[in-house]
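Engineer: Take this structure first; my questions come after.
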Amino acid sequence: YNRGLVRAAQALAPSGMTITIGEIADVPMYNGDDDGDNRPATVVALAEQVAQADALLFATPEYNYSIPGVLKNAIDWLSRVPGGIFAGKPVAIMGASMGGMGTSRSQYHLRQVLVFLDMHPLNKPEVFVSAAHEKCDDKGDLVDEKTREMVAKQLVALQEWHQRLS
């Protein structure tokens, strides 16, 4: 459902904002021995994408009250890229789950990690999509209008947050 949430964000992005998906599925498990000059190509490509971004938008599910291991792993790799590619960037967080809490706990954990990386998380509006299976169609696309409005509001706020921090 989070991929559908991102597709909705892409469709709802305000004028002047382009949302590009950063793929993390093929990022290998972090190993300090592979760090430095031996970073995997998938990590190098993702790092370039993050470095070039004016702001970031994370869409995360919630597993066992936290973020998925694959997301934390990608962040761990990227946090070690010279130059601090996360530092100073505005960031928004959204998430969808079938449960009633709508990823609130995983977003809280992710926010803690992002603050440590010297990012500037957007505080409001928050997008916690609960009962995602009822708000998405069979393809996983977000069709619930109230939720789409929340996403659109968050994107406008992220754009304004970026402008204030620039």
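Residues in the structure tokens are numbered from 1 in each chain, the chains being A, B, ... in the order shown, and ligands are numbered from 1 in the order shown.
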Show me a table, sorted first by chain and then by increasing residue number, of the residues of stretch 9-87 of chain A having an atom at most 12 Å from stretch 146-152 of chain A, each with its shortest atom pair and the distance in Å to one decimal, counting only C-alpha atoms and written as JSON lines.
Structural biologist:
{"residue": "A:Ala9", "atom": "CA", "partner": "A:Val151", "partner_atom": "CA", "distance": 6.4}
{"residue": "A:Gln10", "atom": "CA", "partner": "A:Ala152", "partner_atom": "CA", "distance": 9.7}
{"residue": "A:Ala11", "atom": "CA", "partner": "A:Ala152", "partner_atom": "CA", "distance": 9.2}
{"residue": "A:Leu12", "atom": "CA", "partner": "A:Ala152", "partner_atom": "CA", "distance": 5.6}
{"residue": "A:Ala13", "atom": "CA", "partner": "A:Ala152", "partner_atom": "CA", "distance": 6.7}
{"residue": "A:Pro14", "atom": "CA", "partner": "A:Ala152", "partner_atom": "CA", "distance": 7.7}
{"residue": "A:Ser15", "atom": "CA", "partner": "A:Ala152", "partner_atom": "CA", "distance": 11.4}
{"residue": "A:Met17", "atom": "CA", "partner": "A:Ala152", "partner_atom": "CA", "distance": 11.6}
{"residue": "A:Leu57", "atom": "CA", "partner": "A:Val151", "partner_atom": "CA", "distance": 11.1}
{"residue": "A:Ala59", "atom": "CA", "partner": "A:Val151", "partner_atom": "CA", "distance": 11.0}
Engineer: Quick one: pick out all strand (DSSP E) residues within chain A from a backbone DSSP run and write them as a list in words.
Structural biologist: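 Of chain A, only Leu56, Leu57, Phe58, Ala59, Pro90, Val91, Ala92, Ile93, Met94, Gly95, Ala96, His120, Pro121, Val127, Phe128 and Val129 of chain A fall in strand (DSSP E).
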Engineer: Need to verify the contact set: A:Ile24, 8 Å, only C-alpha atoms, exclusion of same-chain residues closer than 2 positions in sequence. Can you return it as a PyMOL selection string?
Structural biologist: chain A and resi 22+26-27+46+70-71+74
Engineer: Could you save those same residues with C-alpha atoms as a JSON list (two decimals), in the first residue's frame?
Structural biologist:
[["chain", "number", "residue", "atom", "x", "y", "z"],
["A", 22, "GLY", "CA", 14.36, 5.72, -4.72],
["A", 26, "ASP", "CA", 18.31, -4.31, -4.15],
["A", 27, "VAL", "CA", 20.50, -2.56, -1.58],
["A", 46, "LEU", "CA", 20.75, 5.82, -4.54],
["A", 70, "VAL", "CA", 15.22, -2.86, 4.35],
["A", 71, "LEU", "CA", 14.54, 0.85, 4.93],
["A", 74, "ALA", "CA", 19.35, 1.69, 3.10]]
Engineer: Give me, as a PyMOL selection string, all polymer residues having an atom no more than 9 Å from A:Asp144, counting only C-alpha atoms and skipping those fewer than 6 positions away in the same chain.
Structural biologist: chain A and resi 134-136
Engineer: Go through A:Val91, A:Ala96, A:Ile21, A:Ala45 one by one, measure the shortest atom-to-atom distance of each to A:Val115 using only C-alpha atoms, and give the residue with the smallest value.
Structural biologist: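 Checking each candidate against A:Val115, we get A:Val91 as the closest.
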Engineer: Quick one: everything within 10 Å of A:Met94, counting only C-alpha atoms, minus sequence neighbours fewer than 4 positions away in the same chain. Send it as a list of chain:residue names.
Structural biologist: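 The residues that qualify are A:Asn2, A:Leu5, A:Val6, A:Ala9, A:Leu57, A:Phe58, A:Ala59, A:Thr60, A:Pro61, A:Gly102, A:Thr103, A:Ser104, A:Ser106, A:Gln107, A:Pro125, A:Glu126, A:Val127, A:Phe128, A:Val129, A:Met150, A:Val151, A:Gln154.
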Engineer: Taking only C-alpha atoms into account, which of A:Leu110, A:Val156, A:Leu78, A:Met98 comes nearest A:Pro40?
Structural biologist: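 Ranked by minimum distance to A:Pro40, first place goes to A:Leu78.
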Engineer: By how many Å are atom CA of A:Ile19 and atom CA of A:Arg105 apart?
Structural biologist: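 Interatomic distance, atom CA of A:Ile19 to atom CA of A:Arg105: 24.5 Å.
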Engineer: Report as a list in words all protein, DNA and RNA residues lying within 10 Å of A:Lys124, evaluated on only C-alpha atoms, omitting residues in the same chain fewer than 2 positions from it.
Structural biologist: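 Here the qualifying residues turn out to be Ala92, Ile93, Pro121, Leu122, Glu126, Val127, Lys153, Gln154, Ala157 and Leu158 of chain A.
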Engineer: Export N, CA and C atoms of the chosen residues as a short mmCIF file (atom, residue, chain, number, x, y, z; two decimals), in the first residue's frame?
Structural biologist:
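And here's result_3.cif as it stands now:
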data_model
loop_
_atom_site.label_atom_id
_atom_site.label_comp_id
_atom_site.auth_asym_id
_atom_site.auth_seq_id
_atom_site.Cartn_x
_atom_site.Cartn_y
_atom_site.Cartn_z
N ALA A 92 9.56 14.73 4.72
CA ALA A 92 8.22 14.40 5.19
C ALA A 92 8.10 12.88 5.25
N ILE A 93 7.23 12.43 6.13
CA ILE A 93 7.02 10.99 6.31
C ILE A 93 5.53 10.70 6.19
N PRO A 121 12.65 17.23 9.72
CA PRO A 121 11.33 16.64 9.48
C PRO A 121 10.20 17.66 9.55
N LEU A 122 9.27 17.52 8.63
CA LEU A 122 8.04 18.31 8.64
C LEU A 122 7.17 17.77 9.78
N GLU A 126 0.50 15.36 9.31
CA GLU A 126 0.98 13.98 9.30
C GLU A 126 0.04 13.14 8.43
N VAL A 127 0.59 12.10 7.82
CA VAL A 127 -0.22 11.19 7.00
C VAL A 127 -0.04 9.78 7.54
N LYS A 153 -2.09 17.90 0.98
CA LYS A 153 -1.77 18.93 1.97
C LYS A 153 -0.35 18.76 2.50
N GLN A 154 0.05 17.52 2.73
CA GLN A 154 1.41 17.30 3.22
C GLN A 154 2.45 17.72 2.17
N ALA A 157 2.78 21.42 2.16
CA ALA A 157 3.52 21.82 3.36
C ALA A 157 5.01 21.51 3.23
N LEU A 158 5.35 20.38 2.61
CA LEU A 158 6.76 20.04 2.39
C LEU A 158 7.41 21.04 1.45
#
Engineer: Counting only C-alpha atoms, which residue out of A:Leu114, A:Leu142, A:Ala53, A:Ala132 sits closest to A:Ile75?
Structural biologist: A:Leu114
Engineer: Just how far from atom CA of A:Thr20 is atom CA of A:Gln159, in Å to one decimal?
Structural biologist: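 It comes out at 14.8 Å.
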Engineer: Between A:Lys89, A:Gly84, A:Tyr108, A:Ala51, which residue has the minimum interatomic distance to A:Tyr65, considering only C-alpha atoms?
Structural biologist: A:Tyr108
Engineer: For a test of reading the model, state the distance in Å between atom CA of A:Asn73 and atom CA of A:Met29, rounded to one decimal.
Structural biologist: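 Pair atom CA of A:Asn73 / atom CA of A:Met29 returns 6.3 Å.
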Engineer: Let me make sure I understand: among A:Ala55, A:Tyr63, A:Asp76, A:Lys139, which one has the smallest atom-to-atom distance to A:Asn31 if we use only C-alpha atoms?
Structural biologist: A:Asp76
Engineer: Using only C-alpha atoms, which protein or nucleic acid residues come within 9 Å of A:Leu117? Drop anything in the same chain fewer than 2 positions from it, and give the result as a ChimeraX atom specification.
Structural biologist: /A:79,84,86-88,112-115,119
Engineer: Could you please write out, as a PyMOL selection string, every residue of chain A that DSSP assigns to alpha helix (DSSP H)?
Structural biologist: chain A and resi 2-12+41-52+69-78+104-116+132-135+145-165
